[in-house]
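Undergrad: Enclosed is the structure file entry-v1.txt (compact mmCIF, C-alpha atoms and all ligand atoms).
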```txt
# COMPACT_ATOMS: atom_id res chain seq x y z
CA MET A 1 162.25 186.77 251.58
CA PRO A 2 161.03 184.08 253.96
CA TYR A 3 162.21 180.51 254.11
CA LEU A 4 159.78 177.66 253.68
CA GLY A 5 158.29 177.07 257.08
CA GLN A 6 159.15 180.57 258.23
CA LYS A 7 155.83 181.87 257.12
CA ALA A 8 152.89 179.69 256.27
CA SER A 9 150.99 180.52 253.11
CA LYS A 10 148.18 178.54 251.60
CA GLY A 11 147.27 178.85 247.96
CA GLY A 12 143.74 178.12 246.81
CA HIS A 13 144.86 176.65 243.49
CA ALA A 14 143.27 173.17 243.74
CA ASP A 15 139.86 174.27 242.48
CA LEU A 16 141.28 176.22 239.60
CA ILE A 17 143.23 173.35 238.03
CA LYS A 18 140.14 171.11 238.24
CA ASN A 19 138.29 173.57 236.04
CA PRO A 20 137.91 171.81 232.61
CA ASP A 21 138.92 174.94 230.67
CA VAL A 22 142.10 175.23 232.68
CA GLU A 23 142.74 171.51 232.37
CA ALA A 24 142.41 171.69 228.58
CA PHE A 25 144.68 174.72 228.50
CA LEU A 26 147.36 172.94 230.52
CA LYS A 27 147.38 170.05 228.03
CA ASP A 28 148.85 172.51 225.55
CA CYS A 29 151.56 173.73 227.89
CA VAL A 30 155.03 172.55 228.77
CA TYR A 31 156.00 172.75 232.43
CA MET A 32 158.05 171.12 235.12
CA ARG A 33 156.74 167.78 236.34
CA GLU A 34 157.60 165.30 239.06
CA PRO A 35 160.24 162.92 237.59
CA SER A 36 159.19 159.28 237.12
CA ASP A 37 161.23 156.61 238.94
CA SER A 38 163.32 155.85 235.87
CA GLU A 39 163.82 159.54 235.05
CA GLY A 40 164.77 160.30 238.64
CA ALA A 41 167.31 157.49 238.71
CA ALA A 42 168.75 158.62 235.35
CA ILE A 43 169.10 162.22 236.54
CA ALA A 44 170.62 161.16 239.88
CA SER A 45 173.24 159.07 238.07
CA GLN A 46 174.58 162.33 236.58
CA PHE A 47 175.38 163.73 240.03
CA LEU A 48 179.01 163.62 241.17
CA PRO A 49 180.60 163.36 244.62
CA ALA A 50 180.61 166.89 246.07
CA PRO A 51 184.15 168.23 246.54
CA LYS A 52 185.49 169.45 249.87
CA GLY A 53 187.53 172.57 250.50
CA SER A 54 190.64 173.02 252.56
CA GLU A 55 189.46 175.55 255.12
CA LEU A 56 186.51 177.60 256.24
CA PRO A 57 186.40 181.38 255.90
CA ALA A 58 187.23 183.44 258.98
CA CYS A 59 184.18 185.63 258.58
CA VAL A 60 180.87 185.34 256.75
CA VAL A 61 178.63 188.19 255.62
CA ALA A 62 175.07 187.37 254.57
CA SER A 63 172.48 189.68 253.13
CA ASP A 64 168.74 189.61 252.82
CA ALA A 65 166.18 192.21 251.88
CA SER A 66 162.50 192.84 252.42
CA PRO A 67 160.19 195.28 250.63
CA TYR A 68 157.26 197.04 252.22
CA SER A 69 154.60 199.18 250.65
CA ASP A 70 152.01 200.91 252.78
CA PRO A 71 149.29 203.48 252.34
CA ILE A 72 150.15 206.67 254.18
CA SER A 73 146.55 206.88 255.39
CA ASN A 74 143.64 204.46 255.53
CA ARG A 75 141.47 207.04 253.82
CA PHE A 76 143.76 207.12 250.77
CA PRO A 77 144.78 203.48 250.23
CA SER A 78 146.18 204.15 246.76
CA THR A 79 148.66 206.73 248.04
CA GLN A 80 151.59 204.60 249.10
CA VAL A 81 155.09 204.91 250.34
CA GLY A 82 157.64 202.22 249.48
CA TYR A 83 160.23 200.96 251.91
CA VAL A 84 163.09 198.53 251.35
CA LYS A 85 165.35 197.20 254.04
CA VAL A 86 168.57 195.38 253.22
CA SER A 87 170.36 193.74 256.12
CA LEU A 88 173.91 192.54 256.12
CA VAL A 89 174.86 190.31 259.00
CA ALA A 90 178.56 189.64 259.61
CA PHE A 91 179.88 187.02 261.88
CA ASP A 92 183.12 185.55 262.96
CA MET A 93 183.23 181.82 262.30
CA ASN A 94 185.08 181.34 265.59
CA ASN A 95 181.92 182.46 267.36
CA PHE A 96 179.62 180.39 265.23
CA ASN A 97 179.83 177.02 266.93
CA GLY A 98 178.43 178.39 270.15
CA LEU A 99 175.35 179.63 268.30
CA ILE A 100 173.71 176.24 268.12
CA GLU A 101 172.62 174.90 271.50
CA ALA A 102 174.59 171.82 272.45
CA GLY A 103 172.75 168.58 271.76
CA SER A 104 170.02 170.19 269.65
CA SER A 105 169.66 171.86 266.32
CA LEU A 106 168.10 174.96 267.81
CA VAL A 107 169.70 178.34 267.66
CA ASP A 108 170.27 180.05 270.99
CA PRO A 109 168.10 183.20 270.80
CA PHE A 110 170.32 185.21 273.14
CA LYS A 111 173.33 184.57 270.99
CA VAL A 112 171.31 185.46 267.90
CA ALA A 113 170.53 188.79 269.53
CA ALA A 114 174.26 189.35 269.94
CA PHE A 115 174.82 188.66 266.24
CA HIS A 116 172.21 191.22 265.35
CA ARG A 117 174.35 193.87 266.96
CA ASP A 118 176.93 193.05 264.30
CA ALA A 119 174.49 193.71 261.53
CA GLN A 120 174.14 196.71 259.31
CA ALA A 121 170.68 197.49 258.08
CA VAL A 122 170.30 199.90 255.25
CA SER A 123 166.82 201.18 254.64
CA PHE A 124 165.51 203.04 251.64
CA THR A 125 162.31 205.03 251.47
CA LEU A 126 160.83 205.65 248.05
CA PRO A 127 157.67 207.21 246.65
CA GLY A 128 155.22 204.38 245.98
CA SER A 129 152.06 205.47 244.21
CA ASN A 130 150.57 208.94 243.94
CA ILE A 131 153.42 210.64 245.78
CA ARG A 132 155.47 213.34 244.14
CA TYR A 133 158.75 213.61 246.04
CA LYS A 134 160.10 217.13 246.66
CA GLY A 135 157.48 218.64 244.40
CA ALA A 136 158.66 216.77 241.28
CA LYS A 137 156.56 217.23 238.15
CA THR A 138 155.61 213.56 238.06
CA VAL A 139 155.71 210.55 240.39
CA LYS A 140 158.39 209.11 238.10
CA ASP A 141 160.67 212.17 238.28
CA GLY A 142 160.36 212.17 242.08
CA PHE A 143 161.16 208.47 242.16
CA ARG A 144 164.33 209.06 240.11
CA LEU A 145 165.44 211.77 242.51
CA ALA A 146 164.72 209.56 245.54
CA VAL A 147 166.70 206.64 244.03
CA TYR A 148 169.65 208.95 243.39
CA GLU A 149 169.53 210.46 246.88
CA GLN A 150 169.11 207.13 248.65
CA LEU A 151 171.90 205.36 246.78
CA SER A 152 174.28 208.31 247.23
CA HIS A 153 173.63 208.48 250.97
CA ASP A 154 176.42 207.75 253.44
CA ARG A 155 174.42 204.99 255.01
CA THR A 156 175.03 202.84 251.91
CA SER A 157 178.75 202.94 252.68
CA PHE A 158 180.76 200.84 255.09
CA GLY A 159 182.97 202.86 257.39
CA ARG A 160 183.44 206.59 257.51
CA GLU A 161 185.35 207.06 254.30
CA GLY A 162 183.71 204.24 252.41
CA ILE A 163 182.19 204.54 248.98
CA THR A 164 178.42 204.65 248.46
CA VAL A 165 176.32 202.37 246.26
CA LYS A 166 176.18 205.17 243.66
CA ASP A 167 180.03 205.25 243.64
CA THR A 168 180.09 201.46 243.17
CA LEU A 169 177.68 201.77 240.27
CA LEU A 170 180.02 204.27 238.59
CA PHE A 171 183.11 202.26 239.46
CA ILE A 172 181.88 198.98 237.94
CA HIS A 173 181.05 200.94 234.77
CA GLY A 174 184.65 202.14 234.55
CA GLY A 175 183.84 205.56 236.05
CA LYS A 176 181.64 206.62 233.15
CA ILE A 177 177.96 206.02 232.42
CA THR A 178 176.17 207.20 229.29
CA ILE A 179 172.40 207.47 228.87
CA LYS A 180 171.08 208.17 225.38
CA LYS A 181 167.52 209.29 226.13
CA CYS A 182 166.26 211.76 228.70
CA PRO A 183 164.73 209.71 231.52
CA SER A 184 162.02 212.34 231.95
CA CYS A 185 160.86 213.43 228.48
CA GLY A 186 162.43 210.61 226.44
CA GLY A 187 164.10 213.20 224.20
CA GLU A 188 167.19 212.10 222.29
CA GLY A 189 169.59 215.00 222.03
CA LYS A 190 173.21 214.88 223.08
CA PRO A 191 173.78 211.77 225.25
CA PHE A 192 173.99 212.31 229.00
CA GLU A 193 177.54 211.48 230.09
CA PHE A 194 177.93 210.94 233.83
CA ASP A 195 181.10 210.64 235.87
CA LEU A 196 182.13 211.40 239.46
CA THR A 197 181.98 215.15 238.85
CA HIS A 198 178.80 215.03 236.73
CA GLU A 199 176.17 213.00 238.52
CA MET A 200 173.24 215.26 237.62
CA ILE A 201 172.74 216.72 234.16
CA GLU A 202 169.91 219.00 233.04
CA CYS A 203 168.00 217.92 229.94
CA PRO A 204 168.26 220.69 227.30
CA ILE A 205 164.79 219.79 226.02
CA CYS A 206 162.61 219.53 229.16
CA SER A 207 164.93 221.10 231.78
CA GLN A 208 164.38 218.15 234.12
CA ILE A 209 167.45 216.69 235.83
CA ALA A 210 168.84 213.31 234.80
CA TYR A 211 170.70 211.41 237.53
CA VAL A 212 173.53 208.91 237.15
CA THR A 213 171.40 206.26 238.88
CA ASP A 214 168.80 206.60 236.09
CA CYS A 215 170.99 204.16 234.13
CA MET A 216 169.31 201.39 236.14
CA ARG A 217 166.00 202.37 234.53
CA ILE A 218 163.97 201.32 237.57
CA HIS A 219 161.78 204.43 237.16
CA GLU A 220 160.53 203.15 233.81
CA GLN A 221 158.12 200.93 235.73
CA ILE A 222 156.68 203.85 237.66
CA SER A 223 153.28 205.09 236.58
CA ASP A 224 151.58 208.20 237.88
CA TYR A 225 148.42 206.45 239.00
CA GLY A 226 149.14 202.72 239.22
CA ASP A 227 150.64 200.36 241.73
CA ASN A 228 154.41 200.71 241.89
CA THR A 229 155.33 197.72 244.02
CA ALA A 230 157.04 196.00 241.05
CA ALA A 231 159.48 198.92 240.76
CA ILE A 232 160.13 198.77 244.51
CA THR A 233 160.97 195.05 244.20
CA ARG A 234 163.36 195.72 241.30
CA PHE A 235 164.98 198.45 243.33
CA MET A 236 165.41 196.02 246.22
CA ASN A 237 167.04 193.39 243.99
CA ALA A 238 169.51 195.93 242.55
CA ALA A 239 170.21 197.57 245.93
CA GLU A 240 170.97 194.22 247.60
CA HIS A 241 173.47 193.14 244.94
CA LEU A 242 175.07 196.58 244.72
CA LEU A 243 175.40 196.86 248.52
CA MET A 244 177.27 193.56 248.62
CA ALA A 245 179.53 194.81 245.81
CA THR A 246 180.05 198.06 247.76
CA LEU A 247 181.18 196.13 250.84
CA ILE A 248 183.52 193.97 248.74
CA LYS A 249 184.94 197.02 246.96
CA THR A 250 185.52 198.70 250.34
CA LEU A 251 187.46 195.62 251.49
CA VAL A 252 189.42 195.43 248.21
CA ASP A 253 190.56 199.00 248.88
CA SER A 254 191.31 198.49 252.57
CA ASN A 255 192.46 194.96 253.23
CA ILE A 256 192.92 192.24 250.60
CA THR A 257 194.15 189.71 253.18
CA GLN A 258 190.97 190.06 255.14
CA LEU A 259 188.85 189.94 251.98
CA SER A 260 190.52 186.68 251.00
CA SER A 261 189.48 185.02 254.25
CA MET A 262 185.81 186.03 253.90
CA ALA A 263 182.68 184.57 252.39
CA PHE A 264 179.65 186.53 251.20
CA ILE A 265 176.19 185.03 250.84
CA VAL A 266 173.43 186.70 248.85
CA ASP A 267 169.84 185.57 249.06
CA GLY A 268 168.62 184.23 245.71
CA PRO A 269 170.37 183.64 242.39
CA LEU A 270 173.34 185.75 241.30
CA ALA A 271 171.21 187.67 238.85
CA LEU A 272 169.40 190.97 238.36
CA PHE A 273 165.97 191.07 236.78
CA GLY A 274 163.79 193.57 234.98
CA GLN A 275 164.96 197.06 234.05
CA PRO A 276 168.21 197.04 236.10
CA ALA A 277 169.27 193.62 234.68
CA LYS A 278 172.00 195.16 232.52
CA ILE A 279 174.04 195.86 235.68
CA HIS A 280 174.73 192.11 235.93
CA LEU A 281 177.48 192.39 233.29
CA PRO A 282 179.63 195.05 234.98
CA LEU A 283 179.05 193.21 238.30
CA MET A 284 180.34 189.98 236.76
CA ALA A 285 183.42 191.80 235.41
CA PHE A 286 183.96 193.44 238.81
CA TYR A 287 183.96 190.12 240.69
CA HIS A 288 186.26 188.60 238.08
CA ASN A 289 188.68 191.51 238.58
CA VAL A 290 188.52 191.21 242.36
CA SER A 291 189.34 187.47 242.18
CA SER A 292 192.21 188.08 239.77
CA MET A 293 193.61 190.84 241.99
CA VAL A 294 193.45 188.77 245.18
CA LEU A 295 194.97 185.76 243.38
CA ALA A 296 197.78 187.95 241.98
CA ALA A 297 198.50 189.12 245.53
CA GLY A 298 199.04 185.47 246.49
CA TYR A 299 195.75 184.77 248.31
CA ALA A 300 192.71 182.62 247.67
CA PRO A 301 189.94 184.60 245.94
CA PRO A 302 187.04 185.54 248.24
CA LEU A 303 183.94 183.36 248.12
CA LEU A 304 180.68 184.90 246.96
CA MET A 305 177.62 182.74 246.61
CA GLY A 306 173.91 183.09 245.98
CA LEU A 307 171.67 180.68 247.85
CA GLN A 308 168.21 180.05 246.44
CA LYS A 309 165.48 178.85 248.71
CA GLU A 310 162.69 179.02 246.17
CA GLY A 311 162.21 179.14 242.42
CA GLN A 312 162.33 176.60 239.62
CA VAL A 313 165.74 175.08 240.28
CA MET A 314 164.97 174.60 243.96
CA GLU A 315 161.57 173.01 243.21
CA HIS A 316 163.22 170.69 240.70
CA ALA A 317 165.95 169.81 243.20
CA ARG A 318 163.38 169.00 245.89
CA SER A 319 161.45 166.77 243.49
CA LEU A 320 164.69 164.81 242.96
CA ASP A 321 165.45 164.47 246.63
CA ARG A 322 164.44 160.80 247.00
CA PHE A 323 166.70 159.78 244.08
CA LEU A 324 169.84 161.68 245.02
CA LYS A 325 172.66 160.24 247.09
CA SER A 326 173.88 162.36 249.97
CA GLY A 327 177.12 164.20 249.32
CA THR A 328 176.56 164.71 245.59
CA TYR A 329 176.20 167.74 243.33
CA ARG A 330 175.59 168.72 239.73
CA VAL A 331 176.20 171.81 237.66
CA ILE A 332 173.02 173.13 236.02
CA ASP A 333 174.14 173.48 232.44
CA ASP A 334 171.76 174.75 229.77
CA ASP A 335 170.94 171.29 228.39
CA TYR A 336 170.09 170.02 231.86
CA ARG A 337 168.00 173.09 232.60
CA GLY A 338 166.16 172.75 229.31
CA GLN A 339 165.54 169.05 229.67
CA TYR A 340 164.56 168.77 233.33
CA ILE A 341 163.75 172.21 234.71
CA SER A 342 162.17 174.37 232.00
CA GLY A 343 160.18 171.33 230.88
CA GLY A 344 161.36 171.36 227.28
CA PRO A 345 164.51 171.58 225.17
CA ALA A 346 166.76 174.61 225.75
CA GLU A 347 164.99 177.22 223.66
CA LEU A 348 167.75 179.78 223.89
CA ASP A 349 171.46 179.61 223.72
CA ASN A 350 172.96 180.74 227.00
CA PHE A 351 170.31 180.73 229.71
CA GLY A 352 170.32 183.96 231.74
CA HIS A 353 172.22 185.85 229.05
CA GLU A 354 170.56 189.13 230.03
CA THR A 355 170.34 188.53 233.79
CA TYR A 356 172.69 186.00 235.43
CA TYR A 357 176.24 186.61 236.61
CA GLY A 358 176.66 183.27 238.35
CA GLN A 359 176.39 179.58 237.68
CA ASP A 360 173.84 177.43 239.56
CA PHE A 361 174.74 174.11 241.19
CA ILE A 362 172.50 171.66 243.05
CA LEU A 363 174.05 170.17 246.19
CA LYS A 364 172.74 167.41 248.41
CA THR A 365 174.81 167.54 251.57
CA GLU A 366 176.09 164.54 253.49
CA SER A 367 173.30 165.14 256.00
CA GLY A 368 170.72 164.97 253.21
CA ARG A 369 169.68 168.60 252.76
CA ILE A 370 169.25 170.13 249.32
CA PHE A 371 170.70 173.48 248.28
CA THR A 372 170.88 175.51 245.09
CA VAL A 373 174.12 177.46 245.08
CA GLY A 374 175.23 180.15 242.63
CA ILE A 375 178.94 180.97 242.13
CA PRO A 376 179.98 183.99 240.00
CA TYR A 377 180.97 183.09 236.44
CA PRO A 378 184.78 183.26 236.61
CA PHE A 379 185.05 185.21 233.35
CA PRO A 380 185.29 188.93 232.55
CA ASN A 381 182.45 188.93 229.98
CA LYS A 382 179.99 186.84 227.97
CA GLN A 383 181.61 187.36 224.59
CA ASP A 384 180.99 184.63 222.03
CA ARG A 385 177.61 183.72 223.42
CA SER A 386 177.39 180.05 222.43
CA ALA A 387 180.98 179.30 223.51
CA PHE A 388 180.26 181.08 226.80
CA ALA A 389 177.17 178.90 227.30
CA LYS A 390 179.45 175.83 227.32
CA ARG A 391 182.37 177.38 229.21
CA LYS A 392 180.24 178.69 232.09
CA SER A 393 179.17 175.18 233.10
CA ASP A 394 182.64 173.58 232.91
CA VAL A 395 183.18 172.76 236.59
CA SER A 396 186.98 172.86 236.28
CA PHE A 397 186.73 176.68 236.19
CA TYR A 398 185.10 176.68 239.64
CA GLU A 399 187.74 174.65 241.48
CA ALA A 400 188.87 177.62 243.56
CA TRP A 401 185.37 178.07 245.01
CA LEU A 402 183.24 174.94 244.80
CA GLY A 403 184.78 172.88 247.63
CA ARG A 404 184.88 175.94 249.90
CA ALA A 405 181.28 176.87 249.10
CA PHE A 406 180.05 173.34 249.80
CA ASP A 407 182.08 173.16 253.03
CA LEU A 408 180.59 176.39 254.24
CA ILE A 409 177.08 175.09 253.57
CA ARG A 410 177.89 171.82 255.34
CA HIS A 411 179.06 173.83 258.29
CA LEU A 412 176.17 176.29 258.39
CA GLU A 413 173.15 174.18 257.47
CA PHE A 414 170.63 173.71 260.21
CA ASP A 415 167.27 172.17 260.82
CA LEU A 416 165.18 175.13 261.67
CA TYR A 417 164.04 175.84 258.14
CA GLU A 418 164.24 173.80 255.01
CA SER A 419 167.44 174.40 253.03
CA ALA A 420 168.46 177.17 255.37
CA VAL A 421 171.89 178.26 256.32
CA VAL A 422 172.28 180.20 259.52
CA PRO A 423 173.63 183.51 258.15
CA ILE A 424 170.85 184.01 255.61
CA ALA A 425 168.22 183.10 258.16
CA LEU A 426 169.68 185.63 260.57
CA ALA A 427 169.87 188.28 257.87
CA HIS A 428 166.27 187.54 256.98
CA ARG A 429 165.16 187.90 260.57
CA HIS A 430 167.08 191.10 260.76
CA ALA A 431 165.62 192.46 257.54
CA SER A 432 162.08 191.52 258.37
CA ILE A 433 161.73 192.11 262.08
CA SER A 434 163.95 194.86 263.38
CA LEU A 435 163.34 198.20 261.76
CA VAL A 436 165.99 199.81 263.91
CA PRO A 437 169.25 200.34 262.06
CA GLY A 438 172.07 198.29 263.53
CA GLY A 439 175.60 199.41 264.25
CA MET A 440 178.20 199.99 261.61
CA MET A 441 179.28 196.58 260.46
CA LEU A 442 182.71 197.69 259.38
CA ASP A 443 183.51 198.48 263.00
CA LEU A 444 183.10 194.80 263.78
CA LEU A 445 185.15 193.74 260.79
CA THR A 446 187.84 196.25 261.68
CA LYS A 447 188.03 195.24 265.31
CA GLN A 448 188.09 191.52 264.71
CA HIS A 449 189.93 191.04 261.48
CA MET A 450 191.97 194.03 260.52
CA GLY A 451 195.43 192.85 259.57
CA SER A 452 194.74 189.29 260.65
CA VAL A 453 196.21 186.61 258.43
CA ARG A 454 194.49 183.30 258.67
ZN ZN B 1 164.13 215.78 228.92
```
Translate this structure into structure tokens?
TA:
Amino acid sequence: MPYLGQKASKGGHADLIKNPDVEAFLKDCVYMREPSDSEGAAIASQFLPAPKGSELPACVVASDASPYSDPISNRFPSTQVGYVKVSLVAFDMNNFNGLIEAGSSLVDPFKVAAFHRDAQAVSFTLPGSNIRYKGAKTVKDGFRLAVYEQLSHDRTSFGREGITVKDTLLFIHGGKITIKKCPSCGGEGKPFEFDLTHEMIECPICSQIAYVTDCMRIHEQISDYGDNTAAITRFMNAAEHLLMATLIKTLVDSNITQLSSMAFIVDGPLALFGQPAKIHLPLMAFYHNVSSMVLAAGYAPPLLMGLQKEGQVMEHARSLDRFLKSGTYRVIDDDYRGQYISGGPAELDNFGHETYYGQDFILKTESGRIFTVGIPYPFPNKQDRSAFAKRKSDVSFYEAWLGRAFDLIRHLEFDLYESAVVPIALAHRHASISLVPGGMMLDLLTKQHMGSVR
């Protein structure tokens, strides 16, 4: 997804909101507004000095993804193939300082090219609209097969003996996934019980094959004749988060010391939306387990963060910019979100209950740039929903990460794009420009960090 300023887009909305019908309609709606001077000052007074960490990570991995959907022929524009590219860019922080040209805030393009060699791009090709993959009975059945094949493919693993995204999906579910209804005919017979030795099960009613990856339910958005770009976007969201988890799981299994000295940056909030949203819970439990394991081994837990460059929280944060002091931050608790961001009182208990696995914070850095940062909820589950809603925004639980996350942003922020940090911008460039798969990223990690203790 592009940063502001990376790609110009002009909306023609001005005429629409001048339309009297629309104006009258809006009078009956609640939405986010520009804060008044007194409101802005009141909100800014709730911001606290942003903590600092003790040291920077040795290595940062950032991911970004882009979806594409194209007709296979100009004569048949409604017959489309979907394409998703997720790029992970790894770089050694020792090499970072040289990336910015001395005396300017510009990034040296030759050095950027070198970083791109340390990137791993994983691309997925899926049936879009009106394409039945491998002769499947329906577009949807072919889509399910393609999702299973693509997520089980070696290219979703890091290193030769690494696990695939499909393995990660099973692992975070405790090695067992159950689906009640047949994903093809909807029949409810005996539940489908998947594990490592049963990843495909034939439906006794319709004889179609159910795949373990059907648990993400992305295919439910696929129609035989309509536009399937929404399903491709959901797939991209799930694939990006699961790829990052796959890399982290690979490092948990191979080198905890190295994992401890790393930071991982995902583009967007730490959340999964739409049909695959349920995966956010096992992901949250997985990251909690990883942190506990690394802590028990005597190391600092790895840092994972989601950086948002658009969306409601970011728009709200930008509207506050002139009121906020540099070097301050605030946790976005549900009351705050309800009052200032959603434009009305919190209508639900526990915002993001079905989607989020991380807590949002707004940061204004010492140099005056605004960021929205997500840090994984440091809990194994969301039991006791209303108590969780309070606990998740208690900043004392985030002490192990917050100072380090803010330090990393302070170190990586740059002028080129608004609210950009270098790794995500590089990952974005990689995901959107180069369609050539990069080298194997684990080779870089292995060469530079294997066994190194910071
Ligand atoms: Zn069936």
Undergrad: How would you report the residues lying within 8 Å of ligand ZN 1 (chain B), as a PDB file with C-alpha atoms, in the coordinates of the input, if you count all atoms listed in the file?
TA:
```
ATOM      1  CA  LYS A 181     167.520 209.290 226.130  1.00  0.00           C
ATOM      2  CA  CYS A 182     166.260 211.760 228.700  1.00  0.00           C
ATOM      3  CA  PRO A 183     164.730 209.710 231.520  1.00  0.00           C
ATOM      4  CA  SER A 184     162.020 212.340 231.950  1.00  0.00           C
ATOM      5  CA  CYS A 185     160.860 213.430 228.480  1.00  0.00           C
ATOM      6  CA  GLY A 186     162.430 210.610 226.440  1.00  0.00           C
ATOM      7  CA  GLY A 187     164.100 213.200 224.200  1.00  0.00           C
ATOM      8  CA  GLU A 202     169.910 219.000 233.040  1.00  0.00           C
ATOM      9  CA  CYS A 203     168.000 217.920 229.940  1.00  0.00           C
ATOM     10  CA  PRO A 204     168.260 220.690 227.300  1.00  0.00           C
ATOM     11  CA  ILE A 205     164.790 219.790 226.020  1.00  0.00           C
ATOM     12  CA  CYS A 206     162.610 219.530 229.160  1.00  0.00           C
ATOM     13  CA  SER A 207     164.930 221.100 231.780  1.00  0.00           C
ATOM     14  CA  GLN A 208     164.380 218.150 234.120  1.00  0.00           C
ATOM     15  CA  ILE A 209     167.450 216.690 235.830  1.00  0.00           C
ATOM     16  CA  ALA A 210     168.840 213.310 234.800  1.00  0.00           C
TER      17      ALA A 210
END
```
Undergrad: Give the answer as one residue: which of A:Met216, A:Val22, A:Leu270, A:Val373 has the shortest atom-to-atom distance to Gly403 (chain A), using all atoms listed in the file?
TA: A:Val373
Undergrad: Show me, as JSON lines, the residues of region 299-412 of chain A having an atom within 10 Å of region 272-289 of chain A, each with the closest atom pair and its distance in Å, using only C-alpha atoms.
TA:
```
{"residue": "A:Pro301", "atom": "CA", "partner": "A:His288", "partner_atom": "CA", "distance": 9.6}
{"residue": "A:Pro302", "atom": "CA", "partner": "A:Tyr287", "partner_atom": "CA", "distance": 9.4}
{"residue": "A:Leu304", "atom": "CA", "partner": "A:Tyr287", "partner_atom": "CA", "distance": 8.8}
{"residue": "A:Gly352", "atom": "CA", "partner": "A:Leu272", "partner_atom": "CA", "distance": 9.7}
{"residue": "A:His353", "atom": "CA", "partner": "A:Leu281", "partner_atom": "CA", "distance": 9.4}
{"residue": "A:Glu354", "atom": "CA", "partner": "A:Ala277", "partner_atom": "CA", "distance": 6.6}
{"residue": "A:Thr355", "atom": "CA", "partner": "A:Leu272", "partner_atom": "CA", "distance": 5.3}
{"residue": "A:Tyr356", "atom": "CA", "partner": "A:His280", "partner_atom": "CA", "distance": 6.5}
{"residue": "A:Tyr357", "atom": "CA", "partner": "A:Met284", "partner_atom": "CA", "distance": 5.3}
{"residue": "A:Gly358", "atom": "CA", "partner": "A:Met284", "partner_atom": "CA", "distance": 7.8}
{"residue": "A:Pro376", "atom": "CA", "partner": "A:Met284", "partner_atom": "CA", "distance": 6.8}
{"residue": "A:Tyr377", "atom": "CA", "partner": "A:Met284", "partner_atom": "CA", "distance": 6.9}
{"residue": "A:Pro378", "atom": "CA", "partner": "A:His288", "partner_atom": "CA", "distance": 5.7}
{"residue": "A:Phe379", "atom": "CA", "partner": "A:His288", "partner_atom": "CA", "distance": 5.9}
{"residue": "A:Pro380", "atom": "CA", "partner": "A:Ala285", "partner_atom": "CA", "distance": 4.5}
{"residue": "A:Asn381", "atom": "CA", "partner": "A:Ala285", "partner_atom": "CA", "distance": 6.2}
{"residue": "A:Lys382", "atom": "CA", "partner": "A:Leu281", "partner_atom": "CA", "distance": 8.1}
```
Undergrad: Nearest to Phe323 (chain A): which of A:Lys18, A:Lys364, A:Arg144, A:Arg337 is it, counting only C-alpha atoms?
TA: A:Lys364
Undergrad: Each side padded by 3 Å, which centre and which edge lengths in Å (one decimal) define the axis-aligned box around the listed atoms of region 213-232 of chain A? Give them as lines of an AutoDock Vina configuration file.
TA:
```
center_x = 159.9
center_y = 202.1
center_z = 239.2
size_x = 29.0
size_y = 18.2
size_z = 16.7
```
Undergrad: Excluding same-chain residues fewer than 3 positions from region 249-256 of chain A, what lies within 8 Å of it counting all atoms listed in the file, as a ChimeraX atom specification?
TA: /A:158,162-163,168,245-246,259-260,290,294,450-451
Undergrad: Using C-alpha atoms, can you write the selected residues to a file as a PDB file, in the coordinates of the input?
TA:
```
ATOM      1  CA  PHE A 158     180.760 200.840 255.090  1.00  0.00           C
ATOM      2  CA  GLY A 162     183.710 204.240 252.410  1.00  0.00           C
ATOM      3  CA  ILE A 163     182.190 204.540 248.980  1.00  0.00           C
ATOM      4  CA  THR A 168     180.090 201.460 243.170  1.00  0.00           C
ATOM      5  CA  ALA A 245     179.530 194.810 245.810  1.00  0.00           C
ATOM      6  CA  THR A 246     180.050 198.060 247.760  1.00  0.00           C
ATOM      7  CA  LEU A 259     188.850 189.940 251.980  1.00  0.00           C
ATOM      8  CA  SER A 260     190.520 186.680 251.000  1.00  0.00           C
ATOM      9  CA  VAL A 290     188.520 191.210 242.360  1.00  0.00           C
ATOM     10  CA  VAL A 294     193.450 188.770 245.180  1.00  0.00           C
ATOM     11  CA  MET A 450     191.970 194.030 260.520  1.00  0.00           C
ATOM     12  CA  GLY A 451     195.430 192.850 259.570  1.00  0.00           C
TER      13      GLY A 451
END
```
Undergrad: So, counting all atoms listed in the file, which residue among A:Asp21, A:Asp92, A:Glu34, A:Glu149 is closest to Pro57 (chain A)?
TA: A:Asp92
Undergrad: Would you list the contacts of Lys140 (chain A) as a list in words, taking every protein, DNA or RNA residue within 7 Å and counting all atoms listed in the file, but skipping same-chain residues closer than 2 positions in sequence?
TA: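 The contact residues come out as Thr138, Gly142, Phe143, Arg144, His219, Ile222, Ser223 and Asp224 of chain A.
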Undergrad: At a cut-off of 8 Å around the point (171.1, 174.1, 247.0) (file coordinates), what residues fall inside when counting all atoms listed in the file? I'd like the answer as a ChimeraX atom specification.
TA: /A:307-309,314,317,361-364,370-373,419
Undergrad: Tell me which residues come within 9 Å of (184.4, 184.0, 259.4), as number ranges by chain, counting all atoms listed in the file in the file's coordinates.
TA: A: 56-61, 90-96, 261-263
Undergrad: Do you have the CA of Leu303 (chain A)-CA of Leu412 (chain A) distance handy?
TA: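 A separation of 14.7 Å between them.
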Undergrad: Would you pick out the contacts of Cys215 (chain A) at 8 Å or less, using only C-alpha atoms, so that residues sharing its chain but fewer than 5 positions from it are not included, and give the list as number ranges by chain?
TA: A: 177-179, 276
